[in-house]
>>> print(open('target-v2.txt').read())   # compact mmCIF, C-alpha atoms
# COMPACT_ATOMS: atom_id res chain seq x y z
CA MET A 133 0.00 0.00 0.00
CA LEU A 134 1.24 3.50 -0.80
CA ALA A 135 -0.72 5.55 1.69
CA SER A 136 2.03 6.25 4.21
CA PRO A 137 3.11 9.83 4.90
CA LEU A 138 6.39 10.98 3.40
CA SER A 139 9.52 10.61 5.42
CA ARG A 140 11.46 13.85 5.37
CA SER A 141 14.64 12.10 6.48
CA SER A 142 15.07 10.40 3.12
CA PHE A 143 16.76 13.44 1.56
CA ARG A 144 19.63 15.29 3.23
CA PRO A 145 20.81 18.26 1.17
CA ASN A 146 22.14 20.11 4.23
CA LYS A 147 25.40 21.73 3.19
CA ASN A 148 26.79 21.17 6.68
CA GLN A 149 26.86 17.45 6.05
CA PRO A 150 30.12 16.17 4.53
CA GLY A 151 30.07 15.83 0.77
CA ASN A 152 26.67 17.38 0.09
CA GLU A 153 27.93 20.79 -1.00
CA THR A 154 30.38 19.09 -3.36
CA MET A 155 27.65 16.84 -4.76
CA LEU A 156 25.27 19.71 -5.37
CA SER A 157 27.97 21.85 -6.96
CA ARG A 158 28.65 19.10 -9.49
CA LEU A 159 25.11 18.99 -10.85
CA SER A 160 26.29 19.89 -14.33
CA ARG A 161 25.20 18.54 -17.67
CA HIS A 162 28.44 16.57 -18.10
CA TYR A 163 28.18 15.09 -14.63
CA PHE A 164 24.58 14.00 -15.04
CA CYS A 165 25.16 12.46 -18.44
CA SER A 166 27.48 9.91 -16.85
CA ILE A 167 26.13 9.50 -13.31
CA SER A 168 24.63 6.26 -12.02
CA PRO A 169 21.80 5.88 -11.18
CA GLN A 170 20.48 7.90 -14.08
CA PRO A 171 18.61 11.08 -13.12
CA TRP A 172 14.86 11.60 -13.22
CA LEU A 173 13.15 14.73 -14.50
CA PHE A 174 9.76 15.57 -12.97
CA VAL A 175 7.79 18.21 -14.88
CA GLY A 176 4.61 19.75 -13.47
CA LEU A 177 2.31 21.51 -15.92
CA GLY A 178 0.49 24.74 -15.14
CA ASN A 179 0.27 28.47 -15.77
CA PRO A 180 2.61 31.01 -14.14
CA GLY A 181 1.49 33.92 -12.00
CA ASP A 182 -0.66 34.56 -8.95
CA LYS A 183 -3.79 34.76 -11.12
CA PHE A 184 -3.65 31.02 -11.73
CA LYS A 185 -2.40 29.85 -8.36
CA GLY A 186 -4.74 27.32 -6.79
CA THR A 187 -6.75 26.70 -9.98
CA ARG A 188 -7.60 23.23 -11.26
CA HIS A 189 -5.30 23.59 -14.26
CA ASN A 190 -2.32 24.19 -11.97
CA VAL A 191 -2.32 20.98 -9.93
CA GLY A 192 0.79 19.86 -11.82
CA PHE A 193 2.66 22.81 -10.32
CA GLU A 194 1.25 21.94 -6.91
CA MET A 195 2.49 18.37 -7.15
CA ILE A 196 6.00 19.60 -7.92
CA ASP A 197 5.85 21.93 -4.92
CA ALA A 198 4.54 19.17 -2.64
CA PHE A 199 7.31 16.78 -3.65
CA ALA A 200 10.01 19.46 -3.47
CA GLU A 201 8.94 20.46 0.03
CA ALA A 202 8.72 16.87 1.22
CA VAL A 203 12.24 15.93 0.12
CA GLY A 204 13.92 19.29 0.68
CA ILE A 205 14.76 20.34 -2.87
CA PRO A 206 14.65 24.14 -3.24
CA MET A 207 12.94 25.48 -6.35
CA ASP A 208 15.25 28.45 -6.58
CA MET A 209 16.59 28.45 -10.14
CA VAL A 210 15.39 29.21 -13.65
CA HIS A 211 16.44 26.87 -16.44
CA CYS A 212 15.02 26.27 -19.94
CA LYS A 213 12.08 28.59 -19.29
CA ALA A 214 11.16 26.77 -16.06
CA VAL A 215 11.32 27.35 -12.34
CA PHE A 216 13.83 24.64 -11.53
CA GLY A 217 15.28 22.63 -8.67
CA LYS A 218 17.76 19.78 -8.41
CA GLY A 219 19.00 17.47 -5.72
CA PHE A 220 19.34 13.90 -4.52
CA VAL A 221 16.72 11.63 -2.93
CA ASN A 222 18.27 8.53 -1.37
CA GLY A 223 21.25 8.98 -3.67
CA VAL A 224 19.12 9.30 -6.82
CA PRO A 225 19.54 12.59 -8.73
CA VAL A 226 16.30 14.42 -9.47
CA PHE A 227 15.42 17.50 -11.51
CA LEU A 228 12.15 19.33 -10.83
CA ALA A 229 10.62 21.80 -13.28
CA LYS A 230 7.59 24.07 -13.55
CA PRO A 231 7.51 25.50 -17.11
CA GLN A 232 6.75 29.22 -17.18
CA THR A 233 5.67 29.25 -20.83
CA TYR A 234 1.95 28.98 -20.02
CA MET A 235 0.22 25.64 -20.33
CA ASN A 236 -0.21 25.46 -24.08
CA LEU A 237 3.54 25.88 -24.68
CA SER A 238 4.78 23.60 -21.90
CA GLY A 239 6.83 21.55 -24.34
CA GLU A 240 9.03 24.53 -25.13
CA SER A 241 10.49 24.03 -21.66
CA SER A 242 10.21 20.27 -21.04
CA GLY A 243 11.62 19.28 -24.44
CA PRO A 244 14.83 21.33 -24.09
CA LEU A 245 15.27 20.19 -20.47
CA ALA A 246 15.20 16.51 -21.40
CA ALA A 247 17.53 17.19 -24.32
CA TYR A 248 19.95 19.29 -22.26
CA TYR A 249 20.52 16.49 -19.78
CA LYS A 250 20.32 13.79 -22.48
CA LEU A 251 17.60 11.94 -20.63
CA PRO A 252 15.64 9.10 -22.24
CA LEU A 253 11.95 9.87 -22.11
CA ASN A 254 11.26 6.96 -19.78
CA ARG A 255 13.09 9.01 -17.12
CA VAL A 256 10.77 12.01 -17.55
CA ILE A 257 7.49 12.06 -15.59
CA VAL A 258 4.94 14.74 -16.48
CA PHE A 259 2.33 15.75 -13.87
CA HIS A 260 -0.97 17.12 -15.19
CA ASP A 261 -4.61 17.72 -14.35
CA ASP A 262 -7.16 15.26 -15.72
CA MET A 263 -10.91 15.82 -16.00
CA ASN A 264 -11.48 12.12 -16.72
CA LEU A 265 -10.65 11.19 -13.12
CA PRO A 266 -12.69 12.15 -10.04
CA CYS A 267 -11.26 14.99 -8.01
CA GLY A 268 -8.37 13.74 -5.88
CA VAL A 269 -7.85 10.43 -7.69
CA LEU A 270 -4.41 9.79 -9.21
CA ARG A 271 -2.97 7.46 -11.82
CA LEU A 272 0.66 6.69 -12.66
CA HIS A 273 1.22 5.45 -16.22
CA HIS A 274 4.22 4.52 -18.34
CA ASN A 275 2.86 6.31 -21.42
CA GLY A 276 -0.32 7.42 -23.17
CA GLY A 277 -1.85 9.98 -25.49
CA HIS A 278 -2.64 13.62 -24.86
CA GLY A 279 -6.34 13.17 -24.04
CA SER A 280 -7.06 16.61 -25.55
CA HIS A 281 -4.86 18.21 -22.89
CA ASN A 282 -3.13 21.16 -24.55
CA GLY A 283 -0.13 21.05 -22.25
CA LEU A 284 0.46 17.40 -23.09
CA LYS A 285 -0.01 18.14 -26.79
CA SER A 286 2.83 20.65 -26.56
CA VAL A 287 5.06 18.27 -24.61
CA ILE A 288 4.50 15.48 -27.14
CA HIS A 289 5.17 17.87 -30.02
CA ASN A 290 8.47 18.92 -28.47
CA PHE A 291 9.36 15.29 -27.80
CA ARG A 292 9.12 14.89 -31.61
CA GLY A 293 5.81 13.10 -31.40
CA ASN A 294 7.03 10.53 -28.91
CA THR A 295 4.36 9.55 -26.36
CA LEU A 296 6.49 6.99 -24.51
CA PHE A 297 7.03 9.03 -21.36
CA PRO A 298 5.42 8.45 -17.92
CA ARG A 299 2.66 10.64 -16.54
CA LEU A 300 1.13 11.27 -13.16
CA ARG A 301 -2.51 12.09 -13.84
CA ILE A 302 -4.20 14.21 -11.16
CA GLY A 303 -7.99 13.99 -11.17
CA ILE A 304 -9.92 17.26 -10.95
CA GLY A 305 -13.38 15.96 -11.92
CA ARG A 306 -15.69 17.22 -14.64
CA PRO A 307 -17.40 20.62 -14.88
CA PRO A 308 -20.96 20.65 -13.54
CA GLY A 309 -23.90 20.89 -15.91
CA GLN A 310 -23.21 22.90 -19.05
CA MET A 311 -20.25 24.80 -17.63
CA ASP A 312 -17.51 25.65 -20.12
CA PRO A 313 -14.57 23.30 -19.46
CA LYS A 314 -12.11 26.16 -19.99
CA ALA A 315 -13.78 28.21 -17.27
CA PHE A 316 -13.83 25.14 -15.00
CA LEU A 317 -10.09 24.61 -15.43
CA LEU A 318 -9.31 28.18 -14.45
CA GLN A 319 -11.49 28.15 -11.33
CA LYS A 320 -10.09 27.62 -7.86
CA PHE A 321 -11.14 24.54 -5.91
CA ASN A 322 -14.01 24.80 -3.44
CA ALA A 323 -13.37 23.69 0.15
CA ALA A 324 -14.39 20.04 -0.35
CA ALA A 325 -12.35 19.66 -3.53
CA ARG A 326 -9.39 21.44 -1.96
CA GLU A 327 -9.37 18.90 0.85
CA ARG A 328 -9.28 16.05 -1.65
CA ILE A 329 -6.50 17.63 -3.67
CA ASP A 330 -4.36 18.30 -0.60
CA ALA A 331 -4.66 14.62 0.36
CA ALA A 332 -3.84 13.59 -3.21
CA LEU A 333 -0.71 15.76 -3.25
CA LYS A 334 0.64 13.88 -0.23
CA GLU A 335 -0.20 10.52 -1.79
CA GLY A 336 1.41 11.51 -5.09
CA ALA A 337 4.56 12.85 -3.47
CA TYR A 338 4.97 9.61 -1.53
CA ALA A 339 4.45 7.57 -4.70
CA LEU A 340 7.11 9.60 -6.49
CA GLU A 341 9.59 8.88 -3.75
CA GLN A 342 8.78 5.20 -4.22
CA VAL A 343 9.47 5.52 -7.94
CA LEU A 344 12.98 6.67 -7.09
CA SER A 345 13.64 3.74 -4.78
CA LYS A 346 11.59 0.89 -6.30
CA GLY A 347 11.21 1.89 -9.93
CA LEU A 348 8.21 2.98 -11.96
CA THR A 349 6.70 -0.42 -12.77
CA GLU A 350 6.49 -1.74 -9.21
CA THR A 351 5.35 1.61 -7.81
CA ALA A 352 2.65 2.06 -10.46
CA ARG A 353 1.30 -1.44 -9.84
CA CYS A 354 0.79 -0.85 -6.11
CA PHE A 355 -0.19 2.79 -6.36
CA ASN A 356 -2.77 2.36 -9.10
CA THR A 357 -4.41 -0.48 -7.18
CA ASP A 358 -4.83 1.81 -4.17
CA GLN A 359 -6.14 4.60 -6.38
CA LYS A 360 -8.60 2.28 -8.11
CA TYR A 361 -10.41 1.68 -4.83
CA LYS A 362 -10.27 5.39 -4.08
CA HIS A 363 -11.82 6.03 -7.52
CA ILE A 364 -14.72 3.70 -6.75
CA ARG A 365 -15.27 5.39 -3.40
CA LEU A 366 -15.16 8.97 -4.69
CA GLN A 367 -16.69 8.84 -8.15
CA THR A 368 -20.26 9.35 -6.94
CA MET A 369 -19.43 11.85 -4.21
CA PRO A 370 -20.04 15.54 -5.02
CA THR A 371 -17.32 18.16 -4.69
>>> encode(input="target-v2.txt", output="structure tokens")
Amino acid sequence: MLASPLSRSSFRPNKNQPGNETMLSRLSRHYFCSISPQPWLFVGLGNPGDKFKGTRHNVGFEMIDAFAEAVGIPMDMVHCKAVFGKGFVNGVPVFLAKPQTYMNLSGESSGPLAAYYKLPLNRVIVFHDDMNLPCGVLRLHHNGGHGSHNGLKSVIHNFRGNTLFPRLRIGIGRPPGQMDPKAFLLQKFNAAARERIDAALKEGAYALEQVLSKGLTETARCFNTDQKYKHIRLQTMPT
């Protein structure tokens, strides 16, 4: 089961600890092209600016922030048009990115990032909102299409049409009645939905830590089973 809270002791970037300052200072392109284990790149999709903070379309950004806070990676750089952070989690190098290109051009950041560090696409996980899942339900997949998600369309385009990259889908539910989906995406969560999303962020961050230690296949198998039962429980509940 993957429902345990995150352990903050798993990542120790404290510069007072021997070797950490040296390790962090060597996070260069040349270093990461040859390091073992191979790095992961986590990309959260969203729109920049306070106007969009807390909206449904920005849960990809929120997942990056939740994971970064949990493992102690500061998001204090800008790289390839993204707010960027880098560090180690249990000895595994990780890059975190929040593209600042606006959602529909997300690939203009994620594509160059993957290319810069010469990462195979199976080491790039994209986090995005998904209206096809109930609010607060998550899914971790090895690959897939764009599902009419404009951010994913841009990412796939900048990956030269390649769809073989993992995704963490974050359910936000469907718009009520005849509401315009675009307006729904740019709305903030109500209190009930916010509670579900906050719980999902913790679950997702824990699952991502498991990916780093156990691998994607094993983590996805356990995590998606847990989320399947959550889906059944939540799909008929209003938000």
>>> atom_distance(input="target-v2.txt", atom1="CA of Gly219 in chain A", atom2="CA of Phe297 in chain A")
21.4 Å
>>> residues_around(input="target-v2.txt", residues="range 181-195 of chain A", least_positions_apart="3", cutoff="9 Å", atoms="all atoms listed in the file", output="ChimeraX atom specification")
/A:175-178,198-200,229-232,235,258-262,300-302,304,316-321,326,329,332-334,336-337
>>> residues_around(input="target-v2.txt", residues="Pro298 in chain A", least_positions_apart="5", cutoff="6 Å", atoms="only C-alpha atoms", output="ChimeraX atom specification")
/A:257,273-275
>>> closest_residue(input="target-v2.txt", among="A:Ala331, A:Leu245, A:Cys267, A:Leu173", to="Phe291 in chain A", atoms="only C-alpha atoms")
A:Leu245
>>> residues_around(input="target-v2.txt", residues="Gly347 in chain A", least_positions_apart="5", cutoff="12 Å", atoms="all atoms listed in the file", output="list in words")
Pro169, Gln170, Trp172, Val224, Asn254, Arg255, Leu272, His274, Pro298, Ala339, Leu340, Glu341, Gln342, Ala352, Arg353, Cys354 and Phe355 of chain A
>>> atom_distance(input="target-v2.txt", atom1="CA of Ala325 in chain A", atom2="CA of Ser286 in chain A")
27.6 Å
>>> atom_distance(input="target-v2.txt", atom1="CA of Arg161 in chain A", atom2="CA of Cys212 in chain A")
13.0 Å
>>> build_atoms(input="target-v2.txt", residues="range 276-308 of chain A", atoms="N, CA and C atoms", output="PDB file, in the coordinates of the input")
ATOM      1  N   GLY A 276       1.067   7.132 -22.829  1.00  0.00           N
ATOM      2  CA  GLY A 276      -0.320   7.420 -23.170  1.00  0.00           C
ATOM      3  C   GLY A 276      -0.415   8.528 -24.196  1.00  0.00           C
ATOM      4  N   GLY A 277      -1.635   8.890 -24.557  1.00  0.00           N
ATOM      5  CA  GLY A 277      -1.850   9.980 -25.490  1.00  0.00           C
ATOM      6  C   GLY A 277      -1.984  11.309 -24.772  1.00  0.00           C
ATOM      7  N   HIS A 278      -2.507  12.303 -25.488  1.00  0.00           N
ATOM      8  CA  HIS A 278      -2.640  13.620 -24.860  1.00  0.00           C
ATOM      9  C   HIS A 278      -4.018  13.838 -24.250  1.00  0.00           C
ATOM     10  N   GLY A 279      -5.012  13.021 -24.622  1.00  0.00           N
ATOM     11  CA  GLY A 279      -6.340  13.170 -24.040  1.00  0.00           C
ATOM     12  C   GLY A 279      -6.924  14.553 -24.182  1.00  0.00           C
ATOM     13  N   SER A 280      -6.593  15.247 -25.277  1.00  0.00           N
ATOM     14  CA  SER A 280      -7.060  16.610 -25.550  1.00  0.00           C
ATOM     15  C   SER A 280      -6.525  17.643 -24.567  1.00  0.00           C
ATOM     16  N   HIS A 281      -5.489  17.270 -23.821  1.00  0.00           N
ATOM     17  CA  HIS A 281      -4.860  18.210 -22.890  1.00  0.00           C
ATOM     18  C   HIS A 281      -3.814  19.018 -23.657  1.00  0.00           C
ATOM     19  N   ASN A 282      -4.008  20.330 -23.723  1.00  0.00           N
ATOM     20  CA  ASN A 282      -3.130  21.160 -24.550  1.00  0.00           C
ATOM     21  C   ASN A 282      -1.692  21.177 -24.065  1.00  0.00           C
ATOM     22  N   GLY A 283      -1.496  21.106 -22.751  1.00  0.00           N
ATOM     23  CA  GLY A 283      -0.130  21.050 -22.250  1.00  0.00           C
ATOM     24  C   GLY A 283       0.574  19.785 -22.697  1.00  0.00           C
ATOM     25  N   LEU A 284      -0.119  18.652 -22.623  1.00  0.00           N
ATOM     26  CA  LEU A 284       0.460  17.400 -23.090  1.00  0.00           C
ATOM     27  C   LEU A 284       0.703  17.413 -24.597  1.00  0.00           C
ATOM     28  N   LYS A 285      -0.214  18.024 -25.342  1.00  0.00           N
ATOM     29  CA  LYS A 285      -0.010  18.140 -26.790  1.00  0.00           C
ATOM     30  C   LYS A 285       1.317  18.841 -27.082  1.00  0.00           C
ATOM     31  N   SER A 286       1.589  19.900 -26.349  1.00  0.00           N
ATOM     32  CA  SER A 286       2.830  20.650 -26.560  1.00  0.00           C
ATOM     33  C   SER A 286       4.047  19.831 -26.158  1.00  0.00           C
ATOM     34  N   VAL A 287       3.942  19.110 -25.046  1.00  0.00           N
ATOM     35  CA  VAL A 287       5.060  18.270 -24.610  1.00  0.00           C
ATOM     36  C   VAL A 287       5.350  17.208 -25.656  1.00  0.00           C
ATOM     37  N   ILE A 288       4.314  16.529 -26.133  1.00  0.00           N
ATOM     38  CA  ILE A 288       4.500  15.480 -27.140  1.00  0.00           C
ATOM     39  C   ILE A 288       5.107  16.061 -28.409  1.00  0.00           C
ATOM     40  N   HIS A 289       4.618  17.222 -28.821  1.00  0.00           N
ATOM     41  CA  HIS A 289       5.170  17.870 -30.020  1.00  0.00           C
ATOM     42  C   HIS A 289       6.666  18.135 -29.860  1.00  0.00           C
ATOM     43  N   ASN A 290       7.063  18.604 -28.688  1.00  0.00           N
ATOM     44  CA  ASN A 290       8.470  18.920 -28.470  1.00  0.00           C
ATOM     45  C   ASN A 290       9.316  17.694 -28.123  1.00  0.00           C
ATOM     46  N   PHE A 291       8.658  16.565 -27.886  1.00  0.00           N
ATOM     47  CA  PHE A 291       9.360  15.290 -27.800  1.00  0.00           C
ATOM     48  C   PHE A 291       9.336  14.591 -29.158  1.00  0.00           C
ATOM     49  N   ARG A 292       9.132  15.373 -30.219  1.00  0.00           N
ATOM     50  CA  ARG A 292       9.120  14.890 -31.610  1.00  0.00           C
ATOM     51  C   ARG A 292       8.060  13.823 -31.831  1.00  0.00           C
ATOM     52  N   GLY A 293       6.912  14.009 -31.209  1.00  0.00           N
ATOM     53  CA  GLY A 293       5.810  13.100 -31.400  1.00  0.00           C
ATOM     54  C   GLY A 293       5.854  11.842 -30.559  1.00  0.00           C
ATOM     55  N   ASN A 294       6.877  11.717 -29.743  1.00  0.00           N
ATOM     56  CA  ASN A 294       7.030  10.530 -28.910  1.00  0.00           C
ATOM     57  C   ASN A 294       6.105  10.608 -27.701  1.00  0.00           C
ATOM     58  N   THR A 295       5.279   9.595 -27.500  1.00  0.00           N
ATOM     59  CA  THR A 295       4.360   9.550 -26.360  1.00  0.00           C
ATOM     60  C   THR A 295       4.822   8.582 -25.281  1.00  0.00           C
ATOM     61  N   LEU A 296       6.021   8.024 -25.428  1.00  0.00           N
ATOM     62  CA  LEU A 296       6.490   6.990 -24.510  1.00  0.00           C
ATOM     63  C   LEU A 296       7.217   7.593 -23.308  1.00  0.00           C
ATOM     64  N   PHE A 297       6.497   8.450 -22.587  1.00  0.00           N
ATOM     65  CA  PHE A 297       7.030   9.030 -21.360  1.00  0.00           C
ATOM     66  C   PHE A 297       5.975   8.873 -20.261  1.00  0.00           C
ATOM     67  N   PRO A 298       6.380   8.651 -19.013  1.00  0.00           N
ATOM     68  CA  PRO A 298       5.420   8.450 -17.920  1.00  0.00           C
ATOM     69  C   PRO A 298       4.663   9.720 -17.568  1.00  0.00           C
ATOM     70  N   ARG A 299       3.491   9.510 -16.985  1.00  0.00           N
ATOM     71  CA  ARG A 299       2.660  10.640 -16.540  1.00  0.00           C
ATOM     72  C   ARG A 299       2.067  10.323 -15.176  1.00  0.00           C
ATOM     73  N   LEU A 300       1.919  11.338 -14.378  1.00  0.00           N
ATOM     74  CA  LEU A 300       1.130  11.270 -13.160  1.00  0.00           C
ATOM     75  C   LEU A 300      -0.111  12.103 -13.398  1.00  0.00           C
ATOM     76  N   ARG A 301      -1.238  11.424 -13.574  1.00  0.00           N
ATOM     77  CA  ARG A 301      -2.510  12.090 -13.840  1.00  0.00           C
ATOM     78  C   ARG A 301      -3.171  12.465 -12.508  1.00  0.00           C
ATOM     79  N   ILE A 302      -3.618  13.700 -12.402  1.00  0.00           N
ATOM     80  CA  ILE A 302      -4.200  14.210 -11.160  1.00  0.00           C
ATOM     81  C   ILE A 302      -5.657  14.572 -11.437  1.00  0.00           C
ATOM     82  N   GLY A 303      -6.574  13.778 -10.889  1.00  0.00           N
ATOM     83  CA  GLY A 303      -7.990  13.990 -11.170  1.00  0.00           C
ATOM     84  C   GLY A 303      -8.532  15.282 -10.588  1.00  0.00           C
ATOM     85  N   ILE A 304      -9.275  16.017 -11.412  1.00  0.00           N
ATOM     86  CA  ILE A 304      -9.920  17.260 -10.950  1.00  0.00           C
ATOM     87  C   ILE A 304     -11.429  17.201 -11.132  1.00  0.00           C
ATOM     88  N   GLY A 305     -11.948  16.080 -11.693  1.00  0.00           N
ATOM     89  CA  GLY A 305     -13.380  15.960 -11.920  1.00  0.00           C
ATOM     90  C   GLY A 305     -13.836  16.717 -13.161  1.00  0.00           C
ATOM     91  N   ARG A 306     -15.111  16.583 -13.455  1.00  0.00           N
ATOM     92  CA  ARG A 306     -15.690  17.220 -14.640  1.00  0.00           C
ATOM     93  C   ARG A 306     -16.492  18.464 -14.260  1.00  0.00           C
ATOM     94  N   PRO A 307     -16.605  19.419 -15.178  1.00  0.00           N
ATOM     95  CA  PRO A 307     -17.400  20.620 -14.880  1.00  0.00           C
ATOM     96  C   PRO A 307     -18.871  20.260 -14.688  1.00  0.00           C
ATOM     97  N   PRO A 308     -19.545  20.951 -13.789  1.00  0.00           N
ATOM     98  CA  PRO A 308     -20.960  20.650 -13.540  1.00  0.00           C
ATOM     99  C   PRO A 308     -21.849  21.178 -14.669  1.00  0.00           C
TER     100      PRO A 308
END
